[in-house]
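Structure first, commentary second.
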Amino acid sequence: MGKSTDIAPGATRGRRPKGQGQDLREAILNAAEDLFSRHGFYGVTVRQVAAEAGVDTALIHYYFGAKRELFDAVFARRAEILNRERLEAMATYQAAHPEDLKAEGVIEAFIGPLLDRSMTQDPGWKNYFRLVALVNNTPAWGGETMHRFFDPVVHQLIDTLKAALPEAEIDDLYWCYQFLTGAMMLALSETGRIDQLSDGLCRSSDLQAVRERLFAYCAAGLEAVVRRRDGATGGGGVAKIHQLAKNSEPGPI
């Protein structure tokens, strides 16, 4: 990949670029983000991205290399922003509540920055959240992509939730994250499903309504799972279950 301020020789052949240098690079990323969010990785060609951005395909290869490298650049651009904002929000919440961390507060710090970005109505962020939802549900390589770009901030979420709920078992926290991320990405995708289902009573674009409900919904589910496990085992988790089962085995006759 060359420097972002360079222009590849012959890059303007056949069409007029929408900018130069960093602006041109951003135009390519924006075009690719829009197309990938609507058609997925396999449904988009480099030629289509070039046409959307108003550049020659050679310029895309010059800046990004192959299509997968372009896709990764699209994915990383906003992931870096979100990861920084979520880490800062969780650290700020934890610092402000050293003795009374709550699961709902931790979850709000984790999800809130995404809602904040989407509520700006910036079409780029709307496209990005739809793209993340698409990748998150792609069995072949979606998990690997999410792993590369989002694992550190998710591990920090798990650690902070464990501080808020020290009695929680780690496997429960990971399972609850699995459920949380599904609810979060569906809400951010604004598919219109709830609009039809509720006959217009609810609108998927009403992100303020999402904000008023999503954090509490996720926290209540998490806390219910923790209580259920803790109550079933007398506070000992999985190890306690195994011990109780072992103690209940009949002895020699």
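Each chain of the structure tokens is named A, B, ... in the order shown, its residues numbered from 1; ligands are numbered from 1 in display order.
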
* Distance query Ala91 of chain A at most 9 Å, only C-alpha atoms, self and fewer than 4 positions along chain excluded, as a ChimeraX atom specification -> /A:86-87,95-96,109,160

Expected file contents, prior selection, C-alpha atoms, as a tab-separated table (two decimals), in the first residue's frame:
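Saved as result-v7.tsv:
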chain	number	residue	atom	x	y	z
A	86	ARG	CA	-16.38	1.99	24.53
A	87	LEU	CA	-13.19	1.39	26.50
A	95	ALA	CA	-14.04	5.00	38.05
A	96	ALA	CA	-17.24	6.83	39.01
A	109	ALA	CA	-21.18	2.12	28.68
A	160	THR	CA	-16.07	-5.20	34.09

* Enumerate, as a ChimeraX atom specification, the complete set of residues in segment 87-214 of chain A that a backbone-based DSSP assignment places in alpha helix (DSSP H). => /A:87-96,103-118,123-136,142-164,170-189,193-197,207-214

Write a file of the selected residues as a JSON list (two decimals), in the first residue's frame, keeping C-alpha atoms.
[["chain", "number", "residue", "atom", "x", "y", "z"],
["A", 87, "LEU", "CA", -13.19, 1.39, 26.50],
["A", 88, "GLU", "CA", -13.24, 5.00, 27.65],
["A", 89, "ALA", "CA", -16.93, 4.81, 28.61],
["A", 90, "MET", "CA", -16.47, 1.63, 30.63],
["A", 91, "ALA", "CA", -13.38, 3.02, 32.38],
["A", 92, "THR", "CA", -15.23, 6.24, 33.19],
["A", 93, "TYR", "CA", -18.22, 4.36, 34.59],
["A", 94, "GLN", "CA", -16.03, 2.07, 36.67],
["A", 95, "ALA", "CA", -14.04, 5.00, 38.05],
["A", 96, "ALA", "CA", -17.24, 6.83, 39.01],
["A", 103, "ALA", "CA", -24.60, -4.51, 35.26],
["A", 104, "GLU", "CA", -26.92, -2.04, 33.55],
["A", 105, "GLY", "CA", -24.38, 0.76, 33.89],
["A", 106, "VAL", "CA", -21.62, -1.40, 32.41],
["A", 107, "ILE", "CA", -23.83, -2.46, 29.52],
["A", 108, "GLU", "CA", -24.85, 1.14, 28.86],
["A", 109, "ALA", "CA", -21.18, 2.12, 28.68],
["A", 110, "PHE", "CA", -20.57, -0.70, 26.20],
["A", 111, "ILE", "CA", -23.56, -0.15, 23.91],
["A", 112, "GLY", "CA", -24.15, 3.58, 24.41],
["A", 113, "PRO", "CA", -21.37, 4.79, 22.08],
["A", 114, "LEU", "CA", -22.85, 2.77, 19.22],
["A", 115, "LEU", "CA", -26.29, 4.28, 19.75],
["A", 116, "ASP", "CA", -24.76, 7.74, 20.03],
["A", 117, "ARG", "CA", -23.08, 7.29, 16.65],
["A", 118, "SER", "CA", -26.19, 5.92, 14.99],
["A", 123, "PRO", "CA", -25.41, 7.34, 6.71],
["A", 124, "GLY", "CA", -21.86, 6.01, 7.01],
["A", 125, "TRP", "CA", -22.48, 4.80, 10.55],
["A", 126, "LYS", "CA", -25.84, 3.35, 9.55],
["A", 127, "ASN", "CA", -24.11, 1.38, 6.81],
["A", 128, "TYR", "CA", -21.37, 0.26, 9.14],
["A", 129, "PHE", "CA", -23.72, -1.15, 11.77],
["A", 130, "ARG", "CA", -25.61, -3.07, 9.10],
["A", 131, "LEU", "CA", -22.29, -4.41, 7.85],
["A", 132, "VAL", "CA", -21.23, -5.52, 11.33],
["A", 133, "ALA", "CA", -24.56, -7.28, 11.83],
["A", 134, "LEU", "CA", -24.08, -9.04, 8.49],
["A", 135, "VAL", "CA", -20.54, -10.14, 9.33],
["A", 136, "ASN", "CA", -21.58, -11.23, 12.83],
["A", 142, "GLY", "CA", -17.57, -13.73, 10.28],
["A", 143, "GLY", "CA", -16.39, -14.99, 13.66],
["A", 144, "GLU", "CA", -12.76, -14.64, 12.67],
["A", 145, "THR", "CA", -13.35, -11.07, 11.49],
["A", 146, "MET", "CA", -15.16, -10.11, 14.69],
["A", 147, "HIS", "CA", -12.36, -11.76, 16.67],
["A", 148, "ARG", "CA", -9.68, -9.66, 15.00],
["A", 149, "PHE", "CA", -11.43, -6.33, 15.38],
["A", 150, "PHE", "CA", -13.52, -6.51, 18.55],
["A", 151, "ASP", "CA", -12.18, -9.11, 21.00],
["A", 152, "PRO", "CA", -10.18, -6.77, 23.28],
["A", 153, "VAL", "CA", -13.16, -4.53, 24.04],
["A", 154, "VAL", "CA", -15.43, -7.55, 24.58],
["A", 155, "HIS", "CA", -12.95, -9.06, 27.03],
["A", 156, "GLN", "CA", -12.93, -5.74, 28.87],
["A", 157, "LEU", "CA", -16.72, -5.86, 29.02],
["A", 158, "ILE", "CA", -16.58, -9.36, 30.54],
["A", 159, "ASP", "CA", -14.00, -8.25, 33.10],
["A", 160, "THR", "CA", -16.07, -5.20, 34.09],
["A", 161, "LEU", "CA", -19.26, -7.25, 34.35],
["A", 162, "LYS", "CA", -17.39, -9.71, 36.56],
["A", 163, "ALA", "CA", -16.41, -6.81, 38.82],
["A", 164, "ALA", "CA", -20.06, -5.74, 38.97],
["A", 170, "ILE", "CA", -17.46, -16.62, 33.48],
["A", 171, "ASP", "CA", -19.22, -18.96, 31.07],
["A", 172, "ASP", "CA", -22.55, -17.30, 31.92],
["A", 173, "LEU", "CA", -21.06, -13.90, 31.15],
["A", 174, "TYR", "CA", -19.86, -15.05, 27.75],
["A", 175, "TRP", "CA", -23.23, -16.63, 26.94],
["A", 176, "CYS", "CA", -25.01, -13.45, 27.98],
["A", 177, "TYR", "CA", -22.67, -11.42, 25.78],
["A", 178, "GLN", "CA", -23.67, -13.70, 22.90],
["A", 179, "PHE", "CA", -27.32, -12.84, 23.50],
["A", 180, "LEU", "CA", -26.56, -9.16, 24.14],
["A", 181, "THR", "CA", -24.67, -8.68, 20.89],
["A", 182, "GLY", "CA", -27.53, -10.24, 18.92],
["A", 183, "ALA", "CA", -30.06, -7.83, 20.41],
["A", 184, "MET", "CA", -27.69, -4.90, 20.01],
["A", 185, "MET", "CA", -26.89, -5.50, 16.34],
["A", 186, "LEU", "CA", -30.51, -6.23, 15.39],
["A", 187, "ALA", "CA", -31.57, -2.94, 17.00],
["A", 188, "LEU", "CA", -28.83, -1.02, 15.23],
["A", 189, "SER", "CA", -29.64, -2.60, 11.86],
["A", 193, "ARG", "CA", -39.29, -5.67, 11.16],
["A", 194, "ILE", "CA", -40.77, -4.25, 14.37],
["A", 195, "ASP", "CA", -42.58, -1.55, 12.35],
["A", 196, "GLN", "CA", -44.55, -4.21, 10.47],
["A", 197, "LEU", "CA", -44.96, -6.52, 13.44],
["A", 207, "LEU", "CA", -33.30, 4.77, 18.64],
["A", 208, "GLN", "CA", -34.37, 6.78, 21.66],
["A", 209, "ALA", "CA", -36.95, 4.08, 22.35],
["A", 210, "VAL", "CA", -34.19, 1.52, 21.92],
["A", 211, "ARG", "CA", -32.00, 3.40, 24.40],
["A", 212, "GLU", "CA", -34.79, 3.51, 26.97],
["A", 213, "ARG", "CA", -35.18, -0.27, 26.89],
["A", 214, "LEU", "CA", -32.12, -2.12, 25.59]]

* Asked: Separation of atom CA of Glu223 of chain A and atom CA of Glu99 of chain A, in Å?
  ->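 Value for the atom CA of Glu223 of chain A-atom CA of Glu99 of chain A distance: 17.9 Å.
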